[in-house]
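Trainee: To start, I am sharing the structure in question, which I have written as structure tokens.
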Amino acid sequence: MQILEKILRLADHRLVRTGLVLASAVLMTAALYLSLVWAPEAVGETDVYRIIFFHVPTAIMSYLAFFIVFAASAAYLWKGELLFDRVARVGGELGVLFCSLMLLTGMIWGKQRWGAWWLWEPRLTTALILLVIYAGYLALRNVVDNQITRARYAAVFGIIGFIDVPIVHFAIKMWGNIMHPVVIKSASDTGMSPEMTVALRVGMLAFLALFATVFLLRFRLENLSARVSSLRASSGD
């Protein structure tokens, strides 16, 4: 709870917000150059392969966002503090955004590899299910009026929905499907050239900075909205 309050205080400083935006812009510019210009061509691939430098980071960011939903939902059920519910809401919104980008970039990549925009293979299918689950999570938050009831239902939904995240990540190993390429073999062996590895890592850092920036700004807006609602309720409006 204290950590969240400190984050909110940081978000209230314009210098911090400006610094995050600038850092995200610089890192994203560097990532674009490294992935689209500096990274070498891949043997047996067209230049469309370069979308992996965006596809992989968006996938990781979606996992991170859904983990935030999971952790904040569990914290809400334990502590009963609505601040955790607001964290979960922002995490859900970012998760749906990055999961959508993950699927979109994956479809573009899949088109040149498979000749089709979509195949019902395990990872794509479970990722689509993940997107539907958390789109439903956000829809639930918009149809329940009582904020305590909404927070409780959403917390349970968010925790159960997270079960699909490890299923998506380990889908290839679980079903043994080789249609979806394994981009990163292990932490020590990325299966890429050194230049490609650098481009991917910078891309990951850029998307992490973007994630942190958007999360902080959205979280601040959510809390300001909560304060306004509280003031209106106390004044009788």
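Identifiers for the structure tokens are assigned positionally: chains receive A, B, ... in sequence, residues are indexed from 1 per chain, and ligands are indexed from 1 in the order shown.
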Out of range 16-203 of chain A, which residues get alpha helix (DSSP H) from DSSP, as number ranges by chain?
Mentor: A: 16-33, 52-79, 82-114, 122-143, 147-161, 164-169, 171-175, 194-203
Trainee: Per residue of range 59-93 of chain A within 10 Å of range 4-25 of chain A, what are the shortest atom pair and its distance in Å to one decimal, counting only C-alpha atoms, with rows by chain and residue number, as a tab-separated table?
Mentor:
residue	atom	partner	partner_atom	distance
A:Leu83	CA	A:Leu4	CA	8.1
A:Phe84	CA	A:Leu4	CA	8.5
A:Val87	CA	A:Leu4	CA	8.8
Trainee: Please, could you write that set of residues out with C-alpha atoms as a PDB file, in the first residue's frame?
Mentor:
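Okay, this is what ended up in part28.pdb:
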ATOM      1  CA  LEU A  83      -6.549   1.364  -4.449  1.00  0.00           C
ATOM      2  CA  PHE A  84      -5.587  -2.204  -5.377  1.00  0.00           C
ATOM      3  CA  VAL A  87      -4.300  -0.942 -10.048  1.00  0.00           C
TER       4      VAL A  87
END
Trainee: Write out as a list in words which residues come within 8 Å of Phe70 in chain A when counting only C-alpha atoms, dropping same-chain ones fewer than 2 positions away.
Mentor: Phe66, Phe67, Ile68, Ala72, Ser73, Ala74, Ala88, Ala155, Gly158, Ile159 and Phe162 of chain A
Trainee: For N, CA and C atoms, I'd like the residues from the last selection saved as a PDB file, in the first residue's frame.
Mentor:
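So again.pdb came out as:
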ATOM      1  N   PHE A  66      -1.137  -8.641 -17.120  1.00  0.00           N
ATOM      2  CA  PHE A  66      -2.079  -9.595 -16.529  1.00  0.00           C
ATOM      3  C   PHE A  66      -1.594 -10.094 -15.170  1.00  0.00           C
ATOM      4  N   PHE A  67      -0.273 -10.135 -14.977  1.00  0.00           N
ATOM      5  CA  PHE A  67       0.236 -10.477 -13.648  1.00  0.00           C
ATOM      6  C   PHE A  67      -0.108  -9.376 -12.654  1.00  0.00           C
ATOM      7  N   ILE A  68      -0.043  -8.131 -13.094  1.00  0.00           N
ATOM      8  CA  ILE A  68      -0.431  -7.018 -12.232  1.00  0.00           C
ATOM      9  C   ILE A  68      -1.897  -7.152 -11.833  1.00  0.00           C
ATOM     10  N   ALA A  72      -2.741  -7.563  -7.947  1.00  0.00           N
ATOM     11  CA  ALA A  72      -3.561  -6.504  -7.350  1.00  0.00           C
ATOM     12  C   ALA A  72      -4.924  -7.047  -6.922  1.00  0.00           C
ATOM     13  N   SER A  73      -5.463  -7.988  -7.691  1.00  0.00           N
ATOM     14  CA  SER A  73      -6.757  -8.592  -7.325  1.00  0.00           C
ATOM     15  C   SER A  73      -6.638  -9.397  -6.039  1.00  0.00           C
ATOM     16  N   ALA A  74      -5.549 -10.164  -5.934  1.00  0.00           N
ATOM     17  CA  ALA A  74      -5.322 -10.925  -4.702  1.00  0.00           C
ATOM     18  C   ALA A  74      -5.140  -9.982  -3.517  1.00  0.00           C
ATOM     19  N   ALA A  88      -5.566  -2.950 -10.531  1.00  0.00           N
ATOM     20  CA  ALA A  88      -5.995  -4.084 -11.348  1.00  0.00           C
ATOM     21  C   ALA A  88      -6.707  -3.612 -12.610  1.00  0.00           C
ATOM     22  N   ALA A 155     -12.014  -8.949  -9.036  1.00  0.00           N
ATOM     23  CA  ALA A 155     -10.833  -9.578  -8.444  1.00  0.00           C
ATOM     24  C   ALA A 155     -10.847 -11.085  -8.668  1.00  0.00           C
ATOM     25  N   GLY A 158     -10.270 -11.712 -12.369  1.00  0.00           N
ATOM     26  CA  GLY A 158      -8.890 -11.446 -12.753  1.00  0.00           C
ATOM     27  C   GLY A 158      -7.940 -12.535 -12.310  1.00  0.00           C
ATOM     28  N   ILE A 159      -8.171 -13.096 -11.139  1.00  0.00           N
ATOM     29  CA  ILE A 159      -7.312 -14.172 -10.629  1.00  0.00           C
ATOM     30  C   ILE A 159      -7.501 -15.446 -11.442  1.00  0.00           C
ATOM     31  N   PHE A 162      -6.034 -15.375 -15.023  1.00  0.00           N
ATOM     32  CA  PHE A 162      -4.575 -15.441 -15.143  1.00  0.00           C
ATOM     33  C   PHE A 162      -4.086 -16.869 -15.404  1.00  0.00           C
TER      34      PHE A 162
END
Trainee: Give me, as a list in words, all polymer residues having an atom no more than 6 Å from Gly95 in chain A, counting only C-alpha atoms and skipping those fewer than 2 positions away in the same chain.
Mentor: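 Here the qualifying residues turn out to be Ser62, Ala65, Phe66, Gly91, Gly92, Glu93, Leu97, Phe98 and Cys99 of chain A.
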Trainee: Can you work out the spacing between CA of Leu104 in chain A and CA of Val202 in chain A in Å, to one decimal?
Mentor: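 If I compute the distance from CA of Leu104 in chain A to CA of Val202 in chain A, I get 20.9 Å.
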Trainee: Which value, in Å to one decimal, gives the distance between CA of Leu101 in chain A and CA of Gly44 in chain A?
Mentor: 25.1 Å
Trainee: Can you list, as a ChimeraX atom specification, every protein, DNA or RNA residue that comes within 12 Å of Ala226 in chain A when you count only C-alpha atoms, leaving out same-chain residues fewer than 3 positions away?
Mentor: /A:82-83,85-86,147,219-223,229-233
Trainee: Could you tell me how far CA of Phe53 in chain A sits from CA of Glu41 in chain A, in Å to one decimal place?
Mentor: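 Distance reported for this atom pair: 12.9 Å.
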Trainee: Using only C-alpha atoms for the distances, tell me which of A:Thr58, A:Ser35, A:Thr197, A:Thr46 is nearest to Thr105 in chain A.
Mentor: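 Selected residue with least distance to Thr105 in chain A: A:Thr58.
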Trainee: For Met28 in chain A, list every protein, DNA or RNA residue within 8 Å, evaluated using only C-alpha atoms, and leave out those in the same chain fewer than 3 positions away; present the list as a list in words.
Mentor: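 Result of the neighbour search: Ser24, Ala25, Ala31, Leu32, Gly203, Ala206 and Phe207 of chain A.
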Trainee: So that I have them on file, write out the residues from the current selection with C-alpha atoms, as a PDB file, in the first residue's frame.
Mentor:
ATOM      1  CA  SER A  24      10.255   6.152 -23.707  1.00  0.00           C
ATOM      2  CA  ALA A  25      10.545   8.217 -26.888  1.00  0.00           C
ATOM      3  CA  ALA A  31      14.594   0.262 -30.933  1.00  0.00           C
ATOM      4  CA  LEU A  32      13.087   1.209 -34.287  1.00  0.00           C
ATOM      5  CA  GLY A 203      13.113  -3.316 -27.937  1.00  0.00           C
ATOM      6  CA  ALA A 206      11.752   0.399 -24.893  1.00  0.00           C
ATOM      7  CA  PHE A 207       8.416  -1.352 -24.458  1.00  0.00           C
TER       8      PHE A 207
END
